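Q: Pasting a structure below so you can have a look.
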Amino acid sequence: DQRQHLRFIQSWILPRRSGLTPNYGSMVGDAVAAEARRDKWAHIVGDVASQSTAPVLINQDCNVFAIELRPDGVAPPLELGPQRQAYMLCVEGSVVTASGASLTRHDAAELKGPMMLELTSQGQGSLLLVFEMAKTRDGHSDV
C-alpha cells in the first residue's frame, strides 16, 4: 500500500562460526506485530541454538527486541545480565534513560550488563531496537 510508511532496517550479525548456512528472516508488520511491541518488549530475533520462540532465528548468541512507546510511555525494564551487552538504536522519536541519558531519532548506545534498562519516551513517542548479546571485553558503555 503506497499510502503507508515503510520502516526498513537492515542489520548484519555474523554467525557463531564459519560454514553455517545463513539464516535470513523477516516479519510481517501487521496489526498483531504492532500490538506485540506497543509499550512492551517484543522478542523478534533469537538464537537457533536456544529455546527461543522469536519469529526470526539466527546462528548467533544474539537477541533482538523492539518496543514502540506511546508519548511519555515508560518501557518495562529490560535486564542485561552480568555477561551480556546490548546495542540500542532509537529508530524514531526520543527517549531518556533512568540515568538521564537521552537518545533521539537515529542515535545509538552501547550498554554493558549487569544493568536494568529503563526508558521513558519523550514527546510524540518512540520506536527502539535492542540487540542483546554476550559481553565483549572492551569495558566501554554509553549509558
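By order of appearance in the C-alpha cells: chains A, B, ..., then residues from 1 within every chain, and ligands from 1 in the order shown.
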Which residues are close to Asn23 of chain A, i.e. within 12 Å by only C-alpha atoms, leaving aside same-chain residues fewer than 5 positions away? Reply as a count of residues only.

A: 14

Q: Assign secondary structure with DSSP using the backbone only, and return the residues of chain A in helix (DSSP H, G or I) as a ChimeraX atom specification.

A: /A:31-37

Q: So that I can see what lies close to Pro82 of chain A, please list as a ChimeraX atom specification the residues with an atom at most 6 Å from it, counting only C-alpha atoms and leaving out residues fewer than 2 positions away in the same chain.

A: /A:84,113-114

Q: Please save N, CA, C and O atoms of the selected residues as a PDB file, in the first residue's frame.

A:
ATOM      1  N   ARG A  84      26.423  -9.955  29.676  1.00  0.00           N
ATOM      2  CA  ARG A  84      25.696  -9.563  28.469  1.00  0.00           C
ATOM      3  C   ARG A  84      25.934  -8.090  28.162  1.00  0.00           C
ATOM      4  O   ARG A  84      26.282  -7.294  29.035  1.00  0.00           O
ATOM      5  N   GLY A 113      26.032  -5.084  30.750  1.00  0.00           N
ATOM      6  CA  GLY A 113      25.443  -5.609  31.969  1.00  0.00           C
ATOM      7  C   GLY A 113      26.499  -5.804  33.035  1.00  0.00           C
ATOM      8  O   GLY A 113      27.695  -5.756  32.744  1.00  0.00           O
ATOM      9  N   PRO A 114      26.098  -5.993  34.270  1.00  0.00           N
ATOM     10  CA  PRO A 114      24.693  -6.107  34.646  1.00  0.00           C
ATOM     11  C   PRO A 114      24.046  -4.730  34.742  1.00  0.00           C
ATOM     12  O   PRO A 114      24.637  -3.779  35.231  1.00  0.00           O
TER      13      PRO A 114
END

Q: What gap, in Å, lies between atom CA of Leu80 of chain A and atom CA of Met115 of chain A?

A: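 These atoms are spaced 5.3 Å apart.
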
Q: With distances taken over only C-alpha atoms, which of A:Ile67, A:Thr104, A:Gly93, A:Ala54 is nearest to Arg38 of chain A?

A: A:Ile67

Q: Would you kindly return, as a PDB file with all heavy atoms, in the first residue's frame, each protein, DNA or RNA residue with an atom no farther than 10 Å from any atom of Arg7 of chain A, considering only C-alpha atoms and excluding same-chain residues fewer than 5 positions away?

A:
ATOM      1  N   GLY A  29       4.660  -6.810   9.178  1.00  0.00           N
ATOM      2  CA  GLY A  29       4.410  -5.638  10.022  1.00  0.00           C
ATOM      3  C   GLY A  29       2.934  -5.330  10.137  1.00  0.00           C
ATOM      4  O   GLY A  29       2.510  -4.224   9.853  1.00  0.00           O
ATOM      5  N   VAL A  91      15.040   4.297  16.675  1.00  0.00           N
ATOM      6  CA  VAL A  91      14.607   4.378  15.272  1.00  0.00           C
ATOM      7  C   VAL A  91      13.788   5.637  15.028  1.00  0.00           C
ATOM      8  O   VAL A  91      13.973   6.330  14.033  1.00  0.00           O
ATOM      9  CB  VAL A  91      13.809   3.113  14.882  1.00  0.00           C
ATOM     10  CG1 VAL A  91      13.324   3.192  13.441  1.00  0.00           C
ATOM     11  CG2 VAL A  91      14.637   1.864  15.106  1.00  0.00           C
ATOM     12  N   GLU A  92      12.878   5.928  15.956  1.00  0.00           N
ATOM     13  CA  GLU A  92      12.016   7.106  15.832  1.00  0.00           C
ATOM     14  C   GLU A  92      11.813   7.717  17.206  1.00  0.00           C
ATOM     15  O   GLU A  92      11.852   7.023  18.228  1.00  0.00           O
ATOM     16  CB  GLU A  92      10.647   6.720  15.258  1.00  0.00           C
ATOM     17  CG  GLU A  92      10.676   6.269  13.834  1.00  0.00           C
ATOM     18  CD  GLU A  92       9.296   5.890  13.319  1.00  0.00           C
ATOM     19  OE1 GLU A  92       8.314   5.979  14.066  1.00  0.00           O
ATOM     20  OE2 GLU A  92       9.222   5.491  12.153  1.00  0.00           O
TER      21      GLU A  92
END

Q: Atom CA of Val96 of chain A to atom CA of Leu119 of chain A: how many Å, to one decimal?

A: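 According to the coordinates, atom CA of Val96 of chain A and atom CA of Leu119 of chain A are separated by 5.7 Å.
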
Q: DSSP on the backbone: what in chain A comes out strand (DSSP E), as number ranges by chain?

A: A: 42-47, 56-58, 62-69, 78-80, 84-97, 102-104, 108-112, 115-117, 119-134

Q: Go through segment 46-90 of chain A and flag each residue having an atom no more than 10 Å from segment 98-103 of chain A; for those, report the closest pair of atoms plus their distance in Å to one decimal, using only C-alpha atoms, ordered by chain and rising number, as a Markdown table.

A:
| residue | atom | partner | partner_atom | distance |
| --- | --- | --- | --- | --- |
| A:Met88 | CA | A:Leu103 | CA | 9.4 |
| A:Leu89 | CA | A:Leu103 | CA | 8.5 |
| A:Cys90 | CA | A:Leu103 | CA | 6.5 |

Q: To one decimal place in Å, what is the distance between atom CA of Lys40 of chain A and atom CA of Glu68 of chain A?

A: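 Distance between the two atoms: 7.4 Å.
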
Q: For each of A:Arg37, A:Arg17, A:Lys112, A:Arg70, take the minimum atom-to-atom distance to Gln124 of chain A, counting only C-alpha atoms, then give the residue where this is smallest.

A: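 The answer is A:Arg70, which sits nearest to Gln124 of chain A.
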
Q: Neighbouring residues of Pro55 of chain A were defined as those with any atom within 12 Å, considering only C-alpha atoms; residues of the same chain fewer than 2 positions away were excluded. Please report them as a list in words.

A: Tyr24, Gly25, Ser26, Met27, Val28, Ala33, Ala36, Ala42, His43, Ile44, Val45, Gly46, Asp47, Val48, Gln51, Ser52, Thr53, Leu57, Ile58, Asn63, Val64 and Phe65 of chain A

Q: May I have the selected residues written with all heavy atoms, as a short mmCIF file (atom, residue, chain, number, x, y, z; two decimals), in the first residue's frame?

A:
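Listing of result.cif after writing:
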data_model
loop_
_atom_site.label_atom_id
_atom_site.label_comp_id
_atom_site.auth_asym_id
_atom_site.auth_seq_id
_atom_site.Cartn_x
_atom_site.Cartn_y
_atom_site.Cartn_z
N TYR A 24 18.12 -16.05 6.98
CA TYR A 24 17.55 -14.75 6.66
C TYR A 24 16.13 -14.76 7.17
O TYR A 24 15.43 -15.75 7.07
CB TYR A 24 17.56 -14.50 5.15
CG TYR A 24 18.94 -14.54 4.55
CD1 TYR A 24 19.41 -15.69 3.93
CD2 TYR A 24 19.76 -13.44 4.63
CE1 TYR A 24 20.69 -15.72 3.39
CE2 TYR A 24 21.05 -13.47 4.09
CZ TYR A 24 21.50 -14.61 3.48
OH TYR A 24 22.75 -14.66 2.95
N GLY A 25 15.70 -13.67 7.73
CA GLY A 25 14.35 -13.65 8.26
C GLY A 25 13.70 -12.31 8.08
O GLY A 25 14.35 -11.29 7.87
N SER A 26 12.40 -12.34 8.16
CA SER A 26 11.61 -11.12 8.11
C SER A 26 10.32 -11.37 8.87
O SER A 26 9.98 -12.51 9.18
CB SER A 26 11.33 -10.70 6.66
OG SER A 26 10.56 -11.68 6.02
N MET A 27 9.63 -10.29 9.15
CA MET A 27 8.36 -10.38 9.86
C MET A 27 7.33 -9.54 9.11
O MET A 27 7.67 -8.55 8.48
CB MET A 27 8.49 -9.78 11.27
CG MET A 27 9.41 -10.51 12.18
SD MET A 27 9.53 -9.65 13.77
CE MET A 27 7.83 -9.38 14.19
N VAL A 28 6.10 -9.94 9.26
CA VAL A 28 5.00 -9.15 8.71
C VAL A 28 4.73 -8.01 9.69
O VAL A 28 4.62 -8.22 10.89
CB VAL A 28 3.74 -10.01 8.53
CG1 VAL A 28 2.57 -9.16 8.07
CG2 VAL A 28 4.02 -11.14 7.54
N ALA A 33 1.71 -7.63 15.00
CA ALA A 33 3.10 -7.28 15.32
C ALA A 33 3.17 -5.92 16.02
O ALA A 33 3.95 -5.75 16.97
CB ALA A 33 3.95 -7.26 14.05
N ALA A 36 2.15 -6.36 19.58
CA ALA A 36 3.14 -7.12 20.35
C ALA A 36 4.27 -6.23 20.87
O ALA A 36 4.90 -6.56 21.87
CB ALA A 36 3.72 -8.24 19.49
N ALA A 42 9.11 -6.71 22.48
CA ALA A 42 8.78 -7.86 21.63
C ALA A 42 10.10 -8.52 21.23
O ALA A 42 10.99 -7.87 20.68
CB ALA A 42 8.02 -7.41 20.39
N HIS A 43 10.23 -9.80 21.50
CA HIS A 43 11.43 -10.56 21.15
C HIS A 43 11.27 -10.99 19.70
O HIS A 43 10.52 -11.91 19.39
CB HIS A 43 11.54 -11.78 22.08
CG HIS A 43 12.83 -12.51 21.96
ND1 HIS A 43 13.01 -13.73 22.56
CD2 HIS A 43 14.00 -12.22 21.34
CE1 HIS A 43 14.24 -14.16 22.31
NE2 HIS A 43 14.84 -13.25 21.57
N ILE A 44 11.99 -10.33 18.78
CA ILE A 44 11.76 -10.56 17.35
C ILE A 44 12.83 -11.41 16.69
O ILE A 44 12.59 -11.99 15.63
CB ILE A 44 11.57 -9.23 16.59
CG1 ILE A 44 12.77 -8.32 16.72
CG2 ILE A 44 10.30 -8.53 17.08
CD1 ILE A 44 12.70 -7.05 15.87
N VAL A 45 14.04 -11.51 17.30
CA VAL A 45 15.11 -12.34 16.76
C VAL A 45 15.76 -13.09 17.92
O VAL A 45 16.02 -12.50 18.97
CB VAL A 45 16.18 -11.50 16.02
CG1 VAL A 45 17.33 -12.39 15.53
CG2 VAL A 45 15.58 -10.74 14.86
N GLY A 46 16.02 -14.39 17.71
CA GLY A 46 16.66 -15.19 18.74
C GLY A 46 17.64 -16.19 18.14
O GLY A 46 17.76 -16.32 16.92
N ASP A 47 18.33 -16.90 19.01
CA ASP A 47 19.35 -17.87 18.64
C ASP A 47 18.71 -19.21 18.30
O ASP A 47 17.94 -19.76 19.09
CB ASP A 47 20.32 -18.03 19.81
CG ASP A 47 21.53 -18.90 19.51
OD1 ASP A 47 21.60 -19.49 18.41
OD2 ASP A 47 22.40 -18.98 20.38
N VAL A 48 19.04 -19.76 17.14
CA VAL A 48 18.51 -21.05 16.72
C VAL A 48 18.92 -22.17 17.69
O VAL A 48 18.22 -23.16 17.83
CB VAL A 48 18.93 -21.36 15.26
CG1 VAL A 48 20.41 -21.69 15.16
CG2 VAL A 48 18.10 -22.46 14.65
N GLN A 51 16.15 -22.07 23.11
CA GLN A 51 14.72 -22.42 23.11
C GLN A 51 13.87 -21.22 22.70
O GLN A 51 12.70 -21.15 23.04
CB GLN A 51 14.31 -22.91 24.51
CG GLN A 51 15.08 -24.13 24.97
CD GLN A 51 14.84 -25.33 24.07
OE1 GLN A 51 13.72 -25.62 23.66
NE2 GLN A 51 15.92 -26.03 23.72
N SER A 52 14.43 -20.30 21.97
CA SER A 52 13.75 -19.07 21.59
C SER A 52 12.50 -19.34 20.75
O SER A 52 12.50 -20.19 19.87
CB SER A 52 14.69 -18.17 20.79
OG SER A 52 14.01 -17.01 20.38
N THR A 53 11.47 -18.57 21.03
CA THR A 53 10.24 -18.62 20.24
C THR A 53 10.11 -17.38 19.35
O THR A 53 9.05 -17.11 18.82
CB THR A 53 9.00 -18.73 21.15
OG1 THR A 53 8.98 -17.61 22.04
CG2 THR A 53 9.03 -20.03 21.95
N LEU A 57 15.02 -16.69 13.64
CA LEU A 57 16.09 -17.38 14.36
C LEU A 57 17.38 -17.30 13.56
O LEU A 57 17.38 -17.48 12.34
CB LEU A 57 15.71 -18.83 14.62
CG LEU A 57 14.47 -19.03 15.49
CD1 LEU A 57 14.11 -20.51 15.59
CD2 LEU A 57 14.68 -18.45 16.88
N ILE A 58 18.49 -17.03 14.27
CA ILE A 58 19.80 -16.88 13.63
C ILE A 58 20.82 -17.78 14.32
O ILE A 58 20.59 -18.26 15.43
CB ILE A 58 20.26 -15.41 13.65
CG1 ILE A 58 20.38 -14.88 15.10
CG2 ILE A 58 19.32 -14.54 12.82
CD1 ILE A 58 20.99 -13.51 15.22
N ASN A 63 19.96 -11.68 20.64
CA ASN A 63 18.52 -11.48 20.70
C ASN A 63 18.23 -10.05 20.29
O ASN A 63 18.97 -9.13 20.65
CB ASN A 63 18.00 -11.70 22.13
CG ASN A 63 18.20 -13.12 22.58
OD1 ASN A 63 17.51 -14.01 22.13
ND2 ASN A 63 19.18 -13.33 23.46
N VAL A 64 17.16 -9.86 19.54
CA VAL A 64 16.76 -8.52 19.16
C VAL A 64 15.36 -8.28 19.71
O VAL A 64 14.46 -9.13 19.54
CB VAL A 64 16.78 -8.32 17.63
CG1 VAL A 64 16.37 -6.89 17.28
CG2 VAL A 64 18.16 -8.63 17.07
N PHE A 65 15.20 -7.14 20.37
CA PHE A 65 13.93 -6.74 20.95
C PHE A 65 13.49 -5.42 20.34
O PHE A 65 14.33 -4.56 20.05
CB PHE A 65 14.05 -6.58 22.47
CG PHE A 65 14.47 -7.83 23.18
CD1 PHE A 65 15.81 -8.09 23.43
CD2 PHE A 65 13.53 -8.75 23.60
CE1 PHE A 65 16.21 -9.25 24.08
CE2 PHE A 65 13.91 -9.91 24.26
CZ PHE A 65 15.25 -10.16 24.50
#
